[in-house]
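Dropping target-v2.pdb in here (PDB, C-alpha atoms):
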ATOM      1  CA  MET A  29      67.121 -97.867 -35.060
ATOM      2  CA  LYS A  30      63.880 -97.636 -36.927
ATOM      3  CA  ARG A  31      63.610 -94.010 -36.029
ATOM      4  CA  ASN A  32      67.095 -93.251 -37.224
ATOM      5  CA  PHE A  33      66.104 -94.807 -40.464
ATOM      6  CA  THR A  34      63.034 -92.578 -40.586
ATOM      7  CA  ASN A  35      65.283 -89.594 -39.933
ATOM      8  CA  TRP A  36      67.562 -90.610 -42.650
ATOM      9  CA  MET A  37      64.686 -91.170 -45.055
ATOM     10  CA  GLY A  38      63.333 -87.778 -44.069
ATOM     11  CA  SER A  39      66.562 -85.999 -44.818
ATOM     12  CA  LEU A  40      66.946 -87.946 -48.008
ATOM     13  CA  PHE A  41      63.643 -86.699 -49.296
ATOM     14  CA  GLY A  42      64.163 -83.196 -48.016
ATOM     15  CA  LYS A  43      61.548 -83.392 -45.292
ATOM     16  CA  PRO A  44      62.297 -81.603 -42.056
ATOM     17  CA  LYS A  45      63.855 -84.014 -39.611
ATOM     18  CA  GLN A  46      61.297 -83.319 -36.864
ATOM     19  CA  LYS A  47      58.430 -84.774 -38.857
ATOM     20  CA  ALA A  48      58.603 -88.174 -37.230
ATOM     21  CA  THR A  49      55.357 -90.020 -37.167
ATOM     22  CA  CYS A  50      53.765 -89.707 -33.773
ATOM     23  CA  CYS A  51      53.631 -93.459 -33.617
ATOM     24  CA  ASP A  52      57.404 -93.435 -33.322
ATOM     25  CA  CYS A  53      57.170 -90.721 -30.735
ATOM     26  CA  ILE A  54      54.994 -92.758 -28.413
ATOM     27  CA  LYS A  55      57.712 -95.376 -28.262
ATOM     28  CA  SER A  56      60.458 -92.894 -27.474
ATOM     29  CA  LEU A  57      58.186 -91.017 -25.100
ATOM     30  CA  GLN A  58      58.310 -93.880 -22.653
ATOM     31  CA  LEU A  59      62.094 -94.093 -22.955
ATOM     32  CA  VAL A  60      62.459 -90.376 -22.353
ATOM     33  CA  VAL A  61      60.122 -90.366 -19.358
ATOM     34  CA  ASP A  62      62.005 -93.298 -17.835
ATOM     35  CA  GLY A  63      65.431 -91.843 -18.550
ATOM     36  CA  GLU A  64      66.248 -94.752 -20.864
ATOM     37  CA  ALA A  65      66.510 -92.834 -24.136
ATOM     38  CA  THR A  66      69.835 -92.134 -25.783
ATOM     39  CA  LYS A  67      70.941 -88.505 -25.906
ATOM     40  CA  GLN A  68      70.029 -88.455 -29.579
ATOM     41  CA  GLN A  69      66.570 -89.942 -29.062
ATOM     42  CA  GLU A  70      65.869 -87.520 -26.269
ATOM     43  CA  GLU A  71      66.969 -84.455 -28.177
ATOM     44  CA  TYR A  72      64.981 -85.506 -31.195
ATOM     45  CA  PHE A  73      61.891 -86.167 -29.145
ATOM     46  CA  LEU A  74      62.058 -82.921 -27.186
ATOM     47  CA  ASN A  75      62.428 -80.972 -30.423
ATOM     48  CA  HIS A  76      59.402 -82.714 -31.776
ATOM     49  CA  LEU A  77      57.335 -81.579 -28.791
ATOM     50  CA  ASP A  78      57.697 -77.964 -29.887
ATOM     51  CA  GLU A  79      55.894 -78.821 -33.062
ATOM     52  CA  CYS A  80      53.291 -81.311 -31.990
ATOM     53  CA  MET A  81      50.678 -80.417 -29.416
ATOM     54  CA  PRO A  82      49.218 -83.947 -29.021
ATOM     55  CA  CYS A  83      52.670 -85.384 -28.304
ATOM     56  CA  TYR A  84      53.394 -82.526 -25.922
ATOM     57  CA  ASN A  85      50.184 -83.129 -23.982
ATOM     58  CA  PHE A  86      50.766 -86.833 -23.899
ATOM     59  CA  TYR A  87      54.295 -86.336 -22.624
ATOM     60  CA  GLU A  88      53.119 -84.019 -19.853
ATOM     61  CA  VAL A  89      50.494 -86.553 -18.724
ATOM     62  CA  GLU A  90      53.013 -89.400 -18.682
ATOM     63  CA  LYS A  91      55.515 -87.336 -16.751
ATOM     64  CA  THR A  92      52.893 -86.254 -14.245
ATOM     65  CA  VAL A  93      51.655 -89.805 -13.665
ATOM     66  CA  LYS A  94      55.210 -90.903 -12.993
ATOM     67  CA  GLN A  95      55.845 -88.014 -10.604
ATOM     68  CA  VAL A  96      52.611 -88.661  -8.746
ATOM     69  CA  LEU A  97      53.547 -92.330  -8.326
ATOM     70  CA  GLN A  98      57.004 -91.382  -7.100
ATOM     71  CA  ASN A  99      55.947 -88.672  -4.718
ATOM     72  CA  LYS A 100      52.465 -89.393  -3.461
ATOM     73  CA  ILE A 101      52.382 -93.091  -2.713
ATOM     74  CA  GLU A 102      53.327 -93.727   0.855
ATOM     75  CA  LYS A 103      56.580 -95.624   1.308
ATOM     76  CA  LYS A 104      55.906 -98.264   3.912
ATOM     77  CA  SER A 105      58.724 -98.671   6.377
ATOM     78  CA  ALA A 106      59.528-102.076   7.734
ATOM     79  CA  PRO A 107      58.201-102.507  11.275
ATOM     80  CA  THR A 108      61.066-102.345  13.787
ATOM     81  CA  HIS A 109      60.519-105.877  15.046
ATOM     82  CA  LEU A 110      60.997-107.299  11.544
ATOM     83  CA  ALA A 111      64.725-106.623  11.325
ATOM     84  CA  GLU A 112      65.181-107.985  14.854
ATOM     85  CA  ASN A 113      63.230-111.143  14.031
ATOM     86  CA  ILE A 114      65.361-111.698  10.962
ATOM     87  CA  ARG A 115      68.604-111.117  12.848
ATOM     88  CA  SER A 116      67.662-113.597  15.521
ATOM     89  CA  ARG A 117      66.677-116.194  12.906
ATOM     90  CA  LEU A 118      70.028-115.692  11.175
ATOM     91  CA  LYS A 119      71.924-116.118  14.427
ATOM     92  CA  SER A 120      70.652-119.640  14.768
ATOM     93  CA  MET A 121      71.372-120.569  11.165
TER      94      MET A 121
ATOM     95  CA  MET B  16      70.563 -96.434 -21.839
ATOM     96  CA  MET B  17      72.729 -99.092 -20.296
ATOM     97  CA  THR B  18      74.995-101.139 -22.486
ATOM     98  CA  GLU B  19      75.707-104.820 -22.363
ATOM     99  CA  ASP B  20      79.182-104.024 -21.065
ATOM    100  CA  ASN B  21      78.199-102.948 -17.600
ATOM    101  CA  LEU B  22      76.022-105.944 -17.023
ATOM    102  CA  ASN B  23      76.868-109.209 -15.591
ATOM    103  CA  ASN B  24      74.116-111.667 -16.212
ATOM    104  CA  GLU B  25      74.878-113.619 -13.120
ATOM    105  CA  GLU B  26      75.045-110.675 -10.851
ATOM    106  CA  ILE B  27      71.520-110.866  -9.486
ATOM    107  CA  ARG B  28      70.824-114.527  -9.948
ATOM    108  CA  PRO B  29      70.664-116.663  -6.865
ATOM    109  CA  GLU B  30      72.194-120.090  -7.374
ATOM    110  CA  ASN B  31      68.994-121.798  -6.665
ATOM    111  CA  GLU B  32      65.700-120.445  -7.860
ATOM    112  CA  GLY B  33      62.295-120.778  -6.404
ATOM    113  CA  HIS B  34      61.040-121.863  -3.083
ATOM    114  CA  ASP B  35      63.362-123.984  -1.057
ATOM    115  CA  PRO B  36      61.836-126.206   1.589
ATOM    116  CA  GLU B  37      65.308-126.746   3.067
ATOM    117  CA  LEU B  38      65.257-123.122   4.044
ATOM    118  CA  GLU B  39      62.910-123.647   6.944
ATOM    119  CA  LYS B  40      65.282-126.229   8.375
ATOM    120  CA  GLY B  41      68.073-123.713   8.488
ATOM    121  CA  SER B  42      70.504-126.079   6.826
ATOM    122  CA  VAL B  43      73.297-123.606   6.247
ATOM    123  CA  PRO B  44      76.752-125.185   6.297
ATOM    124  CA  GLU B  45      78.313-124.857   9.715
ATOM    125  CA  LEU B  46      80.914-122.127   9.946
ATOM    126  CA  ASP B  47      83.331-121.590  12.754
ATOM    127  CA  PRO B  48      82.198-118.741  14.999
ATOM    128  CA  LYS B  49      84.705-116.274  13.620
ATOM    129  CA  ALA B  50      83.774-116.960   9.999
ATOM    130  CA  LYS B  51      80.102-116.737  10.866
ATOM    131  CA  ALA B  52      80.627-113.419  12.642
ATOM    132  CA  GLU B  53      82.356-112.075   9.542
ATOM    133  CA  LYS B  54      79.643-113.325   7.274
ATOM    134  CA  ASP B  55      76.964-111.846   9.526
ATOM    135  CA  ALA B  56      78.687-108.471   9.626
ATOM    136  CA  GLN B  57      78.966-108.379   5.875
ATOM    137  CA  PHE B  58      75.363-109.480   5.418
ATOM    138  CA  GLU B  59      74.232-106.824   7.867
ATOM    139  CA  LYS B  60      76.147-104.102   6.062
ATOM    140  CA  GLU B  61      75.156-105.053   2.517
ATOM    141  CA  PHE B  62      71.599-106.252   2.901
ATOM    142  CA  MET B  63      69.936-105.011   6.059
ATOM    143  CA  PRO B  64      69.800-101.341   4.988
ATOM    144  CA  LEU B  65      67.498-102.449   2.165
ATOM    145  CA  ILE B  66      64.843-103.799   4.487
ATOM    146  CA  SER B  67      62.392-100.942   4.119
ATOM    147  CA  SER B  68      62.565-100.981   0.306
ATOM    148  CA  LEU B  69      61.928-104.709   0.417
ATOM    149  CA  TYR B  70      59.103-104.343   2.884
ATOM    150  CA  ASN B  71      57.496-101.660   0.769
ATOM    151  CA  PHE B  72      57.753-103.878  -2.307
ATOM    152  CA  ALA B  73      56.350-106.855  -0.393
ATOM    153  CA  TYR B  74      53.499-104.765   0.947
ATOM    154  CA  ARG B  75      52.636-103.381  -2.487
ATOM    155  CA  LEU B  76      52.577-106.946  -3.836
ATOM    156  CA  THR B  77      50.630-108.637  -1.068
ATOM    157  CA  LEU B  78      48.626-105.655   0.218
ATOM    158  CA  ASP B  79      48.834-107.213   3.640
ATOM    159  CA  GLU B  80      51.225-106.328   6.460
ATOM    160  CA  ASP B  81      51.599-109.845   7.844
ATOM    161  CA  ASP B  82      52.165-111.355   4.415
ATOM    162  CA  ALA B  83      54.694-108.629   3.709
ATOM    163  CA  ASN B  84      56.550-109.453   6.932
ATOM    164  CA  ASP B  85      56.640-113.143   6.051
ATOM    165  CA  LEU B  86      57.813-112.452   2.537
ATOM    166  CA  VAL B  87      60.633-110.149   3.628
ATOM    167  CA  GLN B  88      61.727-112.644   6.269
ATOM    168  CA  GLU B  89      61.711-115.477   3.728
ATOM    169  CA  THR B  90      63.733-113.320   1.335
ATOM    170  CA  TYR B  91      66.411-112.548   3.907
ATOM    171  CA  LEU B  92      66.714-116.155   5.025
ATOM    172  CA  LYS B  93      67.126-117.263   1.452
ATOM    173  CA  ALA B  94      69.645-114.523   0.694
ATOM    174  CA  TYR B  95      71.603-115.557   3.777
ATOM    175  CA  ARG B  96      71.610-119.132   2.651
ATOM    176  CA  PHE B  97      72.999-118.193  -0.739
ATOM    177  CA  PHE B  98      75.165-115.363   0.475
ATOM    178  CA  ALA B  99      78.286-117.208  -0.662
ATOM    179  CA  SER B 100      77.121-116.772  -4.249
ATOM    180  CA  TYR B 101      76.695-113.040  -3.832
ATOM    181  CA  GLU B 102      79.532-110.946  -5.180
ATOM    182  CA  GLN B 103      80.270-107.958  -3.045
ATOM    183  CA  GLY B 104      79.636-104.600  -4.583
ATOM    184  CA  THR B 105      77.212-105.958  -7.183
ATOM    185  CA  ASN B 106      73.576-105.072  -7.279
ATOM    186  CA  ALA B 107      72.355-106.262  -3.898
ATOM    187  CA  LYS B 108      69.027-104.498  -4.180
ATOM    188  CA  ALA B 109      68.153-106.065  -7.530
ATOM    189  CA  TRP B 110      69.200-109.476  -6.259
ATOM    190  CA  LEU B 111      67.013-109.215  -3.142
ATOM    191  CA  PHE B 112      64.081-107.905  -5.158
ATOM    192  CA  ARG B 113      64.435-110.852  -7.473
ATOM    193  CA  ILE B 114      64.412-113.335  -4.609
ATOM    194  CA  LEU B 115      61.428-111.620  -3.049
ATOM    195  CA  LYS B 116      59.469-111.585  -6.281
ATOM    196  CA  ASN B 117      60.193-115.295  -6.883
ATOM    197  CA  SER B 118      59.146-116.181  -3.347
ATOM    198  CA  PHE B 119      55.992-114.167  -3.842
ATOM    199  CA  ILE B 120      55.124-116.019  -7.038
ATOM    200  CA  ASN B 121      55.731-119.378  -5.390
ATOM    201  CA  ASP B 122      53.594-118.544  -2.378
ATOM    202  CA  PHE B 123      51.059-117.006  -4.662
ATOM    203  CA  ARG B 124      50.785-120.128  -6.825
ATOM    204  CA  LYS B 125      50.238-122.210  -3.716
ATOM    205  CA  LYS B 126      47.358-120.005  -2.740
ATOM    206  CA  SER B 127      46.013-119.808  -6.261
ATOM    207  CA  LYS B 128      42.890-121.717  -5.275
ATOM    208  CA  GLN B 129      41.685-118.429  -3.963
ATOM    209  CA  PRO B 130      39.320-117.129  -6.605
ATOM    210  CA  SER B 131      40.012-113.476  -5.941
ATOM    211  CA  LYS B 132      43.638-113.838  -6.926
ATOM    212  CA  VAL B 133      44.844-113.290 -10.432
ATOM    213  CA  ASP B 134      45.351-116.270 -12.690
ATOM    214  CA  TYR B 135      48.966-116.052 -13.755
ATOM    215  CA  GLN B 136      48.496-117.965 -16.973
ATOM    216  CA  GLU B 137      45.788-115.603 -17.987
ATOM    217  CA  VAL B 138      47.931-112.580 -17.212
ATOM    218  CA  GLU B 139      50.890-114.026 -19.097
ATOM    219  CA  SER B 140      48.939-114.671 -22.251
ATOM    220  CA  PHE B 141      47.374-111.266 -22.024
ATOM    221  CA  TYR B 142      50.547-109.265 -22.303
ATOM    222  CA  ASN B 143      53.077-111.717 -23.571
ATOM    223  CA  SER B 144      53.179-110.321 -27.044
ATOM    224  CA  ASP B 145      55.718-107.587 -27.530
ATOM    225  CA  ASP B 146      53.285-105.562 -29.554
ATOM    226  CA  VAL B 147      52.656-102.241 -28.034
ATOM    227  CA  ASP B 148      49.167-100.884 -28.283
ATOM    228  CA  GLU B 149      49.764 -97.593 -29.947
ATOM    229  CA  ASN B 150      46.173 -96.605 -29.981
ATOM    230  CA  ILE B 151      45.393 -96.481 -26.333
ATOM    231  CA  THR B 152      45.439 -92.921 -25.260
ATOM    232  CA  VAL B 153      43.643 -92.039 -22.141
ATOM    233  CA  ASP B 154      42.260 -88.591 -22.022
ATOM    234  CA  LEU B 155      43.350 -87.522 -18.601
ATOM    235  CA  ARG B 156      43.849 -83.970 -17.446
ATOM    236  CA  ILE B 157      47.107 -83.175 -15.719
ATOM    237  CA  GLU B 158      45.382 -81.102 -13.057
ATOM    238  CA  SER B 159      43.115 -83.981 -12.182
ATOM    239  CA  ILE B 160      46.093 -86.247 -11.566
ATOM    240  CA  GLN B 161      47.966 -83.631  -9.586
ATOM    241  CA  ASP B 162      44.958 -83.023  -7.367
ATOM    242  CA  MET B 163      44.741 -86.639  -6.313
ATOM    243  CA  ILE B 164      45.952 -87.668  -2.931
ATOM    244  CA  GLY B 165      48.339 -90.572  -2.423
ATOM    245  CA  ASP B 166      45.626 -92.941  -1.242
ATOM    246  CA  GLU B 167      43.677 -92.508  -4.444
ATOM    247  CA  VAL B 168      46.745 -93.141  -6.553
ATOM    248  CA  ALA B 169      47.622 -96.177  -4.430
ATOM    249  CA  THR B 170      44.089 -97.543  -4.783
ATOM    250  CA  ALA B 171      44.312 -97.187  -8.556
ATOM    251  CA  LEU B 172      47.664 -98.968  -8.529
ATOM    252  CA  ASN B 173      46.366-101.740  -6.273
ATOM    253  CA  ALA B 174      43.486-102.349  -8.643
ATOM    254  CA  LEU B 175      45.885-103.515 -11.372
ATOM    255  CA  ALA B 176      46.686-107.179 -11.940
ATOM    256  CA  VAL B 177      49.746-108.129  -9.956
ATOM    257  CA  ASP B 178      52.207-108.205 -12.849
ATOM    258  CA  PHE B 179      51.221-104.786 -14.076
ATOM    259  CA  ARG B 180      51.400-103.488 -10.540
ATOM    260  CA  THR B 181      54.831-105.044 -10.097
ATOM    261  CA  ILE B 182      56.393-103.394 -13.111
ATOM    262  CA  ILE B 183      55.114 -99.974 -12.093
ATOM    263  CA  ILE B 184      56.405-100.430  -8.558
ATOM    264  CA  LEU B 185      59.831-101.460  -9.809
ATOM    265  CA  CYS B 186      60.088 -98.692 -12.369
ATOM    266  CA  ASP B 187      58.340 -95.703 -10.830
ATOM    267  CA  LEU B 188      58.475 -96.307  -7.095
ATOM    268  CA  GLU B 189      61.852 -98.011  -6.866
ATOM    269  CA  GLY B 190      63.583 -96.495  -9.886
ATOM    270  CA  PHE B 191      65.065 -99.662 -11.361
ATOM    271  CA  THR B 192      66.372 -99.466 -14.927
ATOM    272  CA  TYR B 193      64.813-101.545 -17.725
ATOM    273  CA  GLU B 194      67.886-103.748 -17.656
ATOM    274  CA  GLU B 195      67.531-104.409 -13.935
ATOM    275  CA  MET B 196      63.802-105.062 -14.235
ATOM    276  CA  ALA B 197      64.451-107.559 -17.023
ATOM    277  CA  LYS B 198      66.682-109.494 -14.630
ATOM    278  CA  ILE B 199      64.444-109.199 -11.623
ATOM    279  CA  LEU B 200      61.428-110.390 -13.610
ATOM    280  CA  ASP B 201      63.247-112.796 -15.934
ATOM    281  CA  ILE B 202      61.796-111.302 -19.065
ATOM    282  CA  PRO B 203      63.364-109.689 -22.145
ATOM    283  CA  ILE B 204      63.743-105.917 -22.221
ATOM    284  CA  GLY B 205      61.186-105.694 -25.018
ATOM    285  CA  THR B 206      58.655-107.284 -22.697
ATOM    286  CA  VAL B 207      59.621-104.873 -19.912
ATOM    287  CA  ARG B 208      58.789-102.012 -22.237
ATOM    288  CA  SER B 209      55.530-103.367 -23.532
ATOM    289  CA  ARG B 210      54.367-104.488 -20.105
ATOM    290  CA  LEU B 211      55.188-101.104 -18.674
ATOM    291  CA  HIS B 212      53.357 -99.396 -21.488
ATOM    292  CA  ARG B 213      50.235-101.471 -20.896
ATOM    293  CA  ALA B 214      50.464-101.133 -17.152
ATOM    294  CA  ARG B 215      50.579 -97.357 -17.415
ATOM    295  CA  ASN B 216      47.657 -97.245 -19.782
ATOM    296  CA  LEU B 217      45.624 -99.417 -17.422
ATOM    297  CA  LEU B 218      46.650 -97.224 -14.513
ATOM    298  CA  LYS B 219      45.608 -94.097 -16.373
ATOM    299  CA  GLU B 220      42.216 -95.660 -17.023
ATOM    300  CA  LYS B 221      41.846 -96.304 -13.298
ATOM    301  CA  LEU B 222      42.979 -92.788 -12.475
ATOM    302  CA  LYS B 223      40.491 -91.438 -14.967
ATOM    303  CA  GLU B 224      37.707 -93.412 -13.306
ATOM    304  CA  TYR B 225      38.686 -91.883  -9.974
ATOM    305  CA  ALA B 226      38.974 -88.444 -11.446
ATOM    306  CA  GLY B 227      35.464 -88.945 -12.814
ATOM    307  CA  THR B 228      33.924 -90.068  -9.537
ATOM    308  CA  MET B 229      35.714 -87.383  -7.569
ATOM    309  CA  GLY B 230      34.487 -84.720  -9.959
ATOM    310  CA  TYR B 231      37.987 -83.681 -10.949
ATOM    311  CA  ASN B 232      37.181 -83.842 -14.619
ATOM    312  CA  LYS B 233      35.126 -80.696 -15.099
TER     313      LYS B 233
END

Would you give me this structure, written as structure tokens?
Amino acid sequence: MKRNFTNWMGSLFGKPKQKATCCDCIKSLQLVVDGEATKQQEEYFLNHLDECMPCYNFYEVEKTVKQVLQNKIEKKSAPTHLAENIRSRLKSM
Amino acid sequence: MMTEDNLNNEEIRPENEGHDPELEKGSVPELDPKAKAEKDAQFEKEFMPLISSLYNFAYRLTLDEDDANDLVQETYLKAYRFFASYEQGTNAKAWLFRILKNSFINDFRKKSKQPSKVDYQEVESFYNSDDVDENITVDLRIESIQDMIGDEVATALNALAVDFRTIIILCDLEGFTYEEMAKILDIPIGTVRSRLHRARNLLKEKLKEYAGTMGYNK
């Protein structure tokens, strides 16, 4: 909401719409990386990246950290006996 | 972003929160064998396929295989006990994660004499404000992160206080939405965001330390 207001203020005073403060961008960055941004927020943010190297770099780092967490951390599988133990406990309940 | 419409506040709430000493006694209302067989089949179909996700979560929380086994077992027994309150087709995974996380906190508080464990109060007051630190930027090179192996990333993650670790596990490893995490953790969405933001900054600091010691950074 705040950012829309900034947009609106920007257009009101004839500033290009992409000149959001980078402070605002850091907030939407997280939403974009997590897939929680609205279409509008995302589009706005991705446009901004073309014009702002620090935001671009920051975005790439955040994205990479997330990917590394998703892909490199071993997913522990439950030991086979665990499901059997649970099933036998449930039987007697 | 999810809207309020597709959320049912009750959907992942067990009827009874927290640790239940009755659980160990197995005091589930007696069902006739046919009804019990039906219940068991449904439970098996809806909940048992999630066992590895739950185990992984439990392991990442406790960092111990035996504790993880106990926690998963406790979670399933509790879910079974309150299975009547579960609405089919709703978010079974979020519900089970919530039960597991609550059981973990209860067990954890019991063991809180242990000095090495995190003091929950301290953690709460540390991040409870919704203010997001805008100024923390960690200078971390993408290549240095990409070059890390899983064990190094896991070690960095494990070094975080349990609540920061939890939110990263839920979001990045398990892919829950903010809305789901808010319900699992019983916190407002604003707190999900700010906690996640802090957790990631802390993680990046840890990763940077590793990158430094491993000579990744120049």

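Atom CA of B:Glu89 sits 25.0 Å away from atom CA of B:Thr192.
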
Quiz item: Which value, in Å to one decimal, gives the distance between atom CA of B:Ala56 and atom CA of B:Asn106?
Solution: 18.0 Å

Self-check item: Output check: residues returned by the PyMOL selection byres ((chain A) within 10 of (chain B)), as number ranges by chain
Solution: A: 50-52, 54-55, 58-59, 62-67, 85-86, 88-111, 113-115, 117-121

I need the chosen residues saved as a PDB file, keeping the file's coordinate frame, with C-alpha atoms.
ATOM      1  CA  CYS A  50      53.765 -89.707 -33.773  1.00  0.00           C
ATOM      2  CA  CYS A  51      53.631 -93.459 -33.617  1.00  0.00           C
ATOM      3  CA  ASP A  52      57.404 -93.435 -33.322  1.00  0.00           C
ATOM      4  CA  ILE A  54      54.994 -92.758 -28.413  1.00  0.00           C
ATOM      5  CA  LYS A  55      57.712 -95.376 -28.262  1.00  0.00           C
ATOM      6  CA  GLN A  58      58.310 -93.880 -22.653  1.00  0.00           C
ATOM      7  CA  LEU A  59      62.094 -94.093 -22.955  1.00  0.00           C
ATOM      8  CA  ASP A  62      62.005 -93.298 -17.835  1.00  0.00           C
ATOM      9  CA  GLY A  63      65.431 -91.843 -18.550  1.00  0.00           C
ATOM     10  CA  GLU A  64      66.248 -94.752 -20.864  1.00  0.00           C
ATOM     11  CA  ALA A  65      66.510 -92.834 -24.136  1.00  0.00           C
ATOM     12  CA  THR A  66      69.835 -92.134 -25.783  1.00  0.00           C
ATOM     13  CA  LYS A  67      70.941 -88.505 -25.906  1.00  0.00           C
ATOM     14  CA  ASN A  85      50.184 -83.129 -23.982  1.00  0.00           C
ATOM     15  CA  PHE A  86      50.766 -86.833 -23.899  1.00  0.00           C
ATOM     16  CA  GLU A  88      53.119 -84.019 -19.853  1.00  0.00           C
ATOM     17  CA  VAL A  89      50.494 -86.553 -18.724  1.00  0.00           C
ATOM     18  CA  GLU A  90      53.013 -89.400 -18.682  1.00  0.00           C
ATOM     19  CA  LYS A  91      55.515 -87.336 -16.751  1.00  0.00           C
ATOM     20  CA  THR A  92      52.893 -86.254 -14.245  1.00  0.00           C
ATOM     21  CA  VAL A  93      51.655 -89.805 -13.665  1.00  0.00           C
ATOM     22  CA  LYS A  94      55.210 -90.903 -12.993  1.00  0.00           C
ATOM     23  CA  GLN A  95      55.845 -88.014 -10.604  1.00  0.00           C
ATOM     24  CA  VAL A  96      52.611 -88.661  -8.746  1.00  0.00           C
ATOM     25  CA  LEU A  97      53.547 -92.330  -8.326  1.00  0.00           C
ATOM     26  CA  GLN A  98      57.004 -91.382  -7.100  1.00  0.00           C
ATOM     27  CA  ASN A  99      55.947 -88.672  -4.718  1.00  0.00           C
ATOM     28  CA  LYS A 100      52.465 -89.393  -3.461  1.00  0.00           C
ATOM     29  CA  ILE A 101      52.382 -93.091  -2.713  1.00  0.00           C
ATOM     30  CA  GLU A 102      53.327 -93.727   0.855  1.00  0.00           C
ATOM     31  CA  LYS A 103      56.580 -95.624   1.308  1.00  0.00           C
ATOM     32  CA  LYS A 104      55.906 -98.264   3.912  1.00  0.00           C
ATOM     33  CA  SER A 105      58.724 -98.671   6.377  1.00  0.00           C
ATOM     34  CA  ALA A 106      59.528-102.076   7.734  1.00  0.00           C
ATOM     35  CA  PRO A 107      58.201-102.507  11.275  1.00  0.00           C
ATOM     36  CA  THR A 108      61.066-102.345  13.787  1.00  0.00           C
ATOM     37  CA  HIS A 109      60.519-105.877  15.046  1.00  0.00           C
ATOM     38  CA  LEU A 110      60.997-107.299  11.544  1.00  0.00           C
ATOM     39  CA  ALA A 111      64.725-106.623  11.325  1.00  0.00           C
ATOM     40  CA  ASN A 113      63.230-111.143  14.031  1.00  0.00           C
ATOM     41  CA  ILE A 114      65.361-111.698  10.962  1.00  0.00           C
ATOM     42  CA  ARG A 115      68.604-111.117  12.848  1.00  0.00           C
ATOM     43  CA  ARG A 117      66.677-116.194  12.906  1.00  0.00           C
ATOM     44  CA  LEU A 118      70.028-115.692  11.175  1.00  0.00           C
ATOM     45  CA  LYS A 119      71.924-116.118  14.427  1.00  0.00           C
ATOM     46  CA  SER A 120      70.652-119.640  14.768  1.00  0.00           C
ATOM     47  CA  MET A 121      71.372-120.569  11.165  1.00  0.00           C
TER      48      MET A 121
END

Assuming 8 Å of padding per side, give the centre and edge lengths of the axis-aligned box around every listed atom of stretch 64-75 of chain B, in Å to one decimal and as AutoDock Vina command-line options.
--center_x 61.2 --center_y -103.9 --center_z 1.3 --size_x 33.2 --size_y 21.9 --size_z 23.5

Quiz item: Can you tell me how far atom CA of B:Lys116 sits from atom CA of B:Gly104, in Å to one decimal?
Solution: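 It comes out at 21.4 Å.
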
Exercise. Might you spell out which residues the PyMOL selection byres ((chain A and resi 69) around 10) would select in the displayed file, as a list in words?
Key: Met29, Arg31, Asn32, Cys53, Ser56, Leu57, Leu59, Val60, Glu64, Ala65, Thr66, Lys67, Gln68, Glu70, Glu71, Tyr72, Phe73, Leu74 and Asn75 of chain A

Quiz item: Which residues match the PyMOL selection byres ((chain B and resi 119) around 10) in the file above, as a list in words?
Solution: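 This file, filtered by the PyMOL selection byres ((chain B and resi 119) around 10), leaves Gly33, His34, Ala73, Leu76, Thr77, Asp82, Ala83, Asp85, Leu86, Val87, Glu89, Thr90, Arg113, Ile114, Leu115, Lys116, Asn117, Ser118, Ile120, Asn121, Asp122, Phe123, Arg124 and Lys125 of chain B.
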
Save out the residues we just selected, C-alpha atoms, as a PDB file, in the coordinates of the input.
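Output contents, as saved in selection_39.pdb:
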ATOM      1  CA  GLY B  33      62.295-120.778  -6.404  1.00  0.00           C
ATOM      2  CA  HIS B  34      61.040-121.863  -3.083  1.00  0.00           C
ATOM      3  CA  ALA B  73      56.350-106.855  -0.393  1.00  0.00           C
ATOM      4  CA  LEU B  76      52.577-106.946  -3.836  1.00  0.00           C
ATOM      5  CA  THR B  77      50.630-108.637  -1.068  1.00  0.00           C
ATOM      6  CA  ASP B  82      52.165-111.355   4.415  1.00  0.00           C
ATOM      7  CA  ALA B  83      54.694-108.629   3.709  1.00  0.00           C
ATOM      8  CA  ASP B  85      56.640-113.143   6.051  1.00  0.00           C
ATOM      9  CA  LEU B  86      57.813-112.452   2.537  1.00  0.00           C
ATOM     10  CA  VAL B  87      60.633-110.149   3.628  1.00  0.00           C
ATOM     11  CA  GLU B  89      61.711-115.477   3.728  1.00  0.00           C
ATOM     12  CA  THR B  90      63.733-113.320   1.335  1.00  0.00           C
ATOM     13  CA  ARG B 113      64.435-110.852  -7.473  1.00  0.00           C
ATOM     14  CA  ILE B 114      64.412-113.335  -4.609  1.00  0.00           C
ATOM     15  CA  LEU B 115      61.428-111.620  -3.049  1.00  0.00           C
ATOM     16  CA  LYS B 116      59.469-111.585  -6.281  1.00  0.00           C
ATOM     17  CA  ASN B 117      60.193-115.295  -6.883  1.00  0.00           C
ATOM     18  CA  SER B 118      59.146-116.181  -3.347  1.00  0.00           C
ATOM     19  CA  ILE B 120      55.124-116.019  -7.038  1.00  0.00           C
ATOM     20  CA  ASN B 121      55.731-119.378  -5.390  1.00  0.00           C
ATOM     21  CA  ASP B 122      53.594-118.544  -2.378  1.00  0.00           C
ATOM     22  CA  PHE B 123      51.059-117.006  -4.662  1.00  0.00           C
ATOM     23  CA  ARG B 124      50.785-120.128  -6.825  1.00  0.00           C
ATOM     24  CA  LYS B 125      50.238-122.210  -3.716  1.00  0.00           C
TER      25      LYS B 125
END
